[in-house]
Amino acid sequence: MRLIAIPALAALLLAGCAGGRDDLRNRPLAANPSAFVAAEIAFARLAQDKGQWTAFRETAHPDAVMFVPQRVVARDWLRGKPDPAEAVKWQPHAVYISCDGHAGATTGAWQKGPAHGYFSTVWLRDPKKGEMRWVLDHTDTTAMPREAPDFIASKQATCGSRPGVAIASGAEGEDMAVGLSPDQTLSWTSIVRPDGSRRITVRMWDGTAMQPVLDNQVQAPAPGTPR
């Protein structure tokens with residue numbers, strides 16, 4: 001049994017014991033890395049229970065995108081798509097969340113038959129209801145399976161004031177999009193080139209700069225994946 005090295009969950013439970021029921025109802029949702037891990041695990045379980053593309057449809061944010069290898073609007077691409085007979089399996093290995101806890105990125109490994117690879121998913125959390133929806137899903141194959149860690153690593157962006165995010169644009173012919181957490185301490189940039197190569201980068205505020213924590217690069221021609 002693997003342990004999740006996420007102390008924020010215990011801190012949240014202790015905080016809940018300090019006040020009365022009214023305080024609990026009115027308190028804003030705290031940053032909680034384990035909630036994003038739980039969302040990813042539930043997503044993977046849903047794929048096994050109800051079907052791969054059914055799980056993607058039921059958990060997608062209205063603005064969710066996928067890469068096939070070009071960027072597509074997930075809900076359009078998934079509409080009416082039949083579930084494969086065998087759903088891909090996947091497990092989270094690490095999670096990175098914004099200071100305010102309203103956005104997070106998970107990454108890990110997937111397997112399907114003899115194929116294997118990695119995935120990166122960006123999640124958005126409703127600040128009032130706590131509902132999780134994925135807004136970006138990226139995946140690729142790997143030459144060797146990714147080994148599961150003993151602990152699911154977690155990291156939270158530094159809180160406090162920070163300068164505004166610089167405006168950037170892609171090179172000519174590139175399809176580039178940038179996403180930001182509400183507090184701008186977590187960002188995700190996706191670039192898809194005409195030849196099908198792509199790059200997805202997730203950055204976190206460390207108190208001084210936006211530091212990359214995930215950098216997925218796929219060369220052209222992009223191989224197809226089952227996830």
# chains A, B, ... in the order shown; residues from 1 in each chain; ligands from 1
$ closest_atom_pairs --of "range 33-81 of chain A" --to "range 111-131 of chain A" --cutoff "12 Å" --atoms "only C-alpha atoms" --output "CSV"
residue,atom,partner,partner_atom,distance
A:Pro33,CA,A:Trp123,CA,11.2
A:Ala35,CA,A:Gly130,CA,9.1
A:Phe36,CA,A:Trp123,CA,7.4
A:Val37,CA,A:Trp123,CA,10.2
A:Ala38,CA,A:Trp123,CA,11.6
A:Ala39,CA,A:Trp123,CA,8.7
A:Glu40,CA,A:Thr121,CA,8.4
A:Ile41,CA,A:Thr121,CA,11.9
A:Phe43,CA,A:Thr121,CA,10.8
A:Ala44,CA,A:Gln111,CA,11.4
A:Gln48,CA,A:Lys112,CA,11.7
A:Gln52,CA,A:Lys112,CA,11.5
A:Phe56,CA,A:Thr121,CA,11.5
A:Thr59,CA,A:Glu131,CA,9.8
A:Ala60,CA,A:Trp123,CA,9.2
A:His61,CA,A:Leu124,CA,7.9
A:Pro62,CA,A:Leu124,CA,11.0
A:Asp63,CA,A:Leu124,CA,10.6
A:Ala64,CA,A:Val122,CA,9.2
A:Val65,CA,A:Val122,CA,10.0
A:Met66,CA,A:Thr121,CA,9.8
A:Phe67,CA,A:Phe119,CA,11.5
$ residues_around --residues "Cys99 in chain A" --least-positions-apart "5" --cutoff "9 Å" --atoms "only C-alpha atoms" --output "tab-separated table (two decimals) with N, CA, C and O atoms, in the first residue's frame"
chain	number	residue	atom	x	y	z
A	31	ALA	N	-6.80	25.19	0.54
A	31	ALA	CA	-5.96	24.50	-0.43
A	31	ALA	C	-5.71	23.08	0.06
A	31	ALA	O	-5.30	22.87	1.21
A	156	GLN	N	2.82	22.93	-3.29
A	156	GLN	CA	1.89	24.05	-3.38
A	156	GLN	C	2.65	25.32	-3.69
A	156	GLN	O	3.74	25.56	-3.18
A	157	ALA	N	2.07	26.16	-4.55
A	157	ALA	CA	2.70	27.42	-4.91
A	157	ALA	C	2.82	28.33	-3.69
A	157	ALA	O	2.01	28.26	-2.75
A	158	THR	N	3.82	29.18	-3.70
A	158	THR	CA	4.02	30.15	-2.62
A	158	THR	C	2.91	31.19	-2.65
A	158	THR	O	2.50	31.65	-3.71
A	159	CYS	N	2.42	31.53	-1.47
A	159	CYS	CA	1.37	32.54	-1.38
A	159	CYS	C	1.99	33.93	-1.20
A	159	CYS	O	3.17	34.06	-0.90
A	160	GLY	N	1.18	34.95	-1.37
A	160	GLY	CA	1.67	36.30	-1.25
A	160	GLY	C	1.63	37.03	-2.57
A	160	GLY	O	1.30	36.47	-3.61
A	181	SER	N	-4.44	29.94	-12.79
A	181	SER	CA	-5.29	29.80	-11.62
A	181	SER	C	-5.83	31.18	-11.26
A	181	SER	O	-5.27	32.19	-11.66
A	183	ASP	N	-5.57	32.93	-8.69
A	183	ASP	CA	-4.59	33.79	-8.00
A	183	ASP	C	-3.28	33.95	-8.79
A	183	ASP	O	-2.33	34.56	-8.30
A	184	GLN	N	-3.22	33.38	-9.98
A	184	GLN	CA	-2.07	33.47	-10.88
A	184	GLN	C	-0.79	32.86	-10.32
A	184	GLN	O	0.31	33.22	-10.74
A	185	THR	N	-0.90	31.92	-9.39
A	185	THR	CA	0.30	31.26	-8.87
A	185	THR	C	0.57	29.92	-9.56
A	185	THR	O	1.59	29.29	-9.29
A	186	LEU	N	-0.33	29.48	-10.43
A	186	LEU	CA	-0.13	28.27	-11.23
A	186	LEU	C	-0.55	28.60	-12.65
A	186	LEU	O	-1.62	29.18	-12.87
A	205	TRP	N	4.47	29.58	-8.87
A	205	TRP	CA	5.13	30.74	-8.26
A	205	TRP	C	5.87	30.27	-7.01
A	205	TRP	O	5.30	29.63	-6.13
$ select_by_dssp --residues "range 11-224 of chain A" --states "strand (DSSP E)" --output "ChimeraX atom specification"
/A:60-67,71-73,89-97,103-112,115-125,132-141,151-156,175-180,186-192,198-205,210-218
$ residues_around --residues "His138 in chain A" --least-positions-apart "6" --cutoff "12 Å" --atoms "only C-alpha atoms" --output "VMD selection string"
chain A and resid 64 to 72 74 105 to 110 117 to 122 188 to 192 198 to 202 214 to 218 222 224 to 227
$ select_by_dssp --residues "range 51-175 of chain A" --states "alpha helix (DSSP H)" --output "PDB file with N, CA, C and O atoms, in the first residue's frame"
ATOM      1  N   GLN A  52     -13.996   4.258 -20.772  1.00  0.00           N
ATOM      2  CA  GLN A  52     -12.950   5.277 -20.866  1.00  0.00           C
ATOM      3  C   GLN A  52     -13.475   6.648 -21.278  1.00  0.00           C
ATOM      4  O   GLN A  52     -13.279   7.645 -20.584  1.00  0.00           O
ATOM      5  N   TRP A  53     -14.150   6.736 -22.421  1.00  0.00           N
ATOM      6  CA  TRP A  53     -14.585   8.044 -22.909  1.00  0.00           C
ATOM      7  C   TRP A  53     -15.804   8.555 -22.149  1.00  0.00           C
ATOM      8  O   TRP A  53     -16.012   9.766 -22.049  1.00  0.00           O
ATOM      9  N   THR A  54     -16.575   7.651 -21.569  1.00  0.00           N
ATOM     10  CA  THR A  54     -17.669   8.075 -20.691  1.00  0.00           C
ATOM     11  C   THR A  54     -17.098   8.824 -19.488  1.00  0.00           C
ATOM     12  O   THR A  54     -17.610   9.878 -19.089  1.00  0.00           O
ATOM     13  N   ALA A  55     -16.020   8.303 -18.921  1.00  0.00           N
ATOM     14  CA  ALA A  55     -15.372   8.956 -17.784  1.00  0.00           C
ATOM     15  C   ALA A  55     -14.844  10.329 -18.171  1.00  0.00           C
ATOM     16  O   ALA A  55     -14.977  11.301 -17.408  1.00  0.00           O
ATOM     17  N   PHE A  56     -14.266  10.429 -19.354  1.00  0.00           N
ATOM     18  CA  PHE A  56     -13.754  11.724 -19.810  1.00  0.00           C
ATOM     19  C   PHE A  56     -14.897  12.728 -19.976  1.00  0.00           C
ATOM     20  O   PHE A  56     -14.777  13.888 -19.597  1.00  0.00           O
ATOM     21  N   ARG A  57     -15.992  12.279 -20.570  1.00  0.00           N
ATOM     22  CA  ARG A  57     -17.134  13.179 -20.769  1.00  0.00           C
ATOM     23  C   ARG A  57     -17.710  13.660 -19.443  1.00  0.00           C
ATOM     24  O   ARG A  57     -18.035  14.844 -19.284  1.00  0.00           O
ATOM     25  N   GLU A  58     -17.861  12.754 -18.495  1.00  0.00           N
ATOM     26  CA  GLU A  58     -18.539  13.087 -17.249  1.00  0.00           C
ATOM     27  C   GLU A  58     -17.715  13.974 -16.331  1.00  0.00           C
ATOM     28  O   GLU A  58     -18.267  14.612 -15.427  1.00  0.00           O
ATOM     29  N   THR A  59     -16.407  14.048 -16.535  1.00  0.00           N
ATOM     30  CA  THR A  59     -15.558  14.821 -15.633  1.00  0.00           C
ATOM     31  C   THR A  59     -14.951  16.056 -16.291  1.00  0.00           C
ATOM     32  O   THR A  59     -14.217  16.804 -15.639  1.00  0.00           O
ATOM     33  N   ALA A  74     -12.585  19.197 -25.927  1.00  0.00           N
ATOM     34  CA  ALA A  74     -12.847  17.834 -25.467  1.00  0.00           C
ATOM     35  C   ALA A  74     -14.297  17.415 -25.637  1.00  0.00           C
ATOM     36  O   ALA A  74     -14.580  16.309 -26.117  1.00  0.00           O
ATOM     37  N   ARG A  75     -15.235  18.265 -25.238  1.00  0.00           N
ATOM     38  CA  ARG A  75     -16.639  17.861 -25.289  1.00  0.00           C
ATOM     39  C   ARG A  75     -17.117  17.636 -26.719  1.00  0.00           C
ATOM     40  O   ARG A  75     -17.966  16.780 -26.966  1.00  0.00           O
ATOM     41  N   ASP A  76     -16.566  18.363 -27.680  1.00  0.00           N
ATOM     42  CA  ASP A  76     -16.919  18.142 -29.086  1.00  0.00           C
ATOM     43  C   ASP A  76     -16.310  16.838 -29.584  1.00  0.00           C
ATOM     44  O   ASP A  76     -16.978  16.038 -30.253  1.00  0.00           O
ATOM     45  N   TRP A  77     -15.031  16.628 -29.284  1.00  0.00           N
ATOM     46  CA  TRP A  77     -14.328  15.447 -29.766  1.00  0.00           C
ATOM     47  C   TRP A  77     -14.887  14.172 -29.140  1.00  0.00           C
ATOM     48  O   TRP A  77     -14.959  13.115 -29.775  1.00  0.00           O
ATOM     49  N   LEU A  78     -15.310  14.263 -27.867  1.00  0.00           N
ATOM     50  CA  LEU A  78     -15.791  13.087 -27.146  1.00  0.00           C
ATOM     51  C   LEU A  78     -17.256  12.761 -27.432  1.00  0.00           C
ATOM     52  O   LEU A  78     -17.709  11.656 -27.131  1.00  0.00           O
TER      53      LEU A  78
END
$ closest_residue --among "A:Asp175, A:Asp195, A:Asp206, A:Asp150" --to "His93 in chain A" --atoms "only C-alpha atoms"
A:Asp150
$ closest_residue --among "A:Asp100, A:Asp140, A:Asp49, A:Glu147" --to "Ala220 in chain A" --atoms "only C-alpha atoms"
A:Asp140
$ closest_residue --among "A:Ala103, A:Ala209, A:Val73, A:Trp90" --to "Gly179 in chain A" --atoms "only C-alpha atoms"
A:Ala103
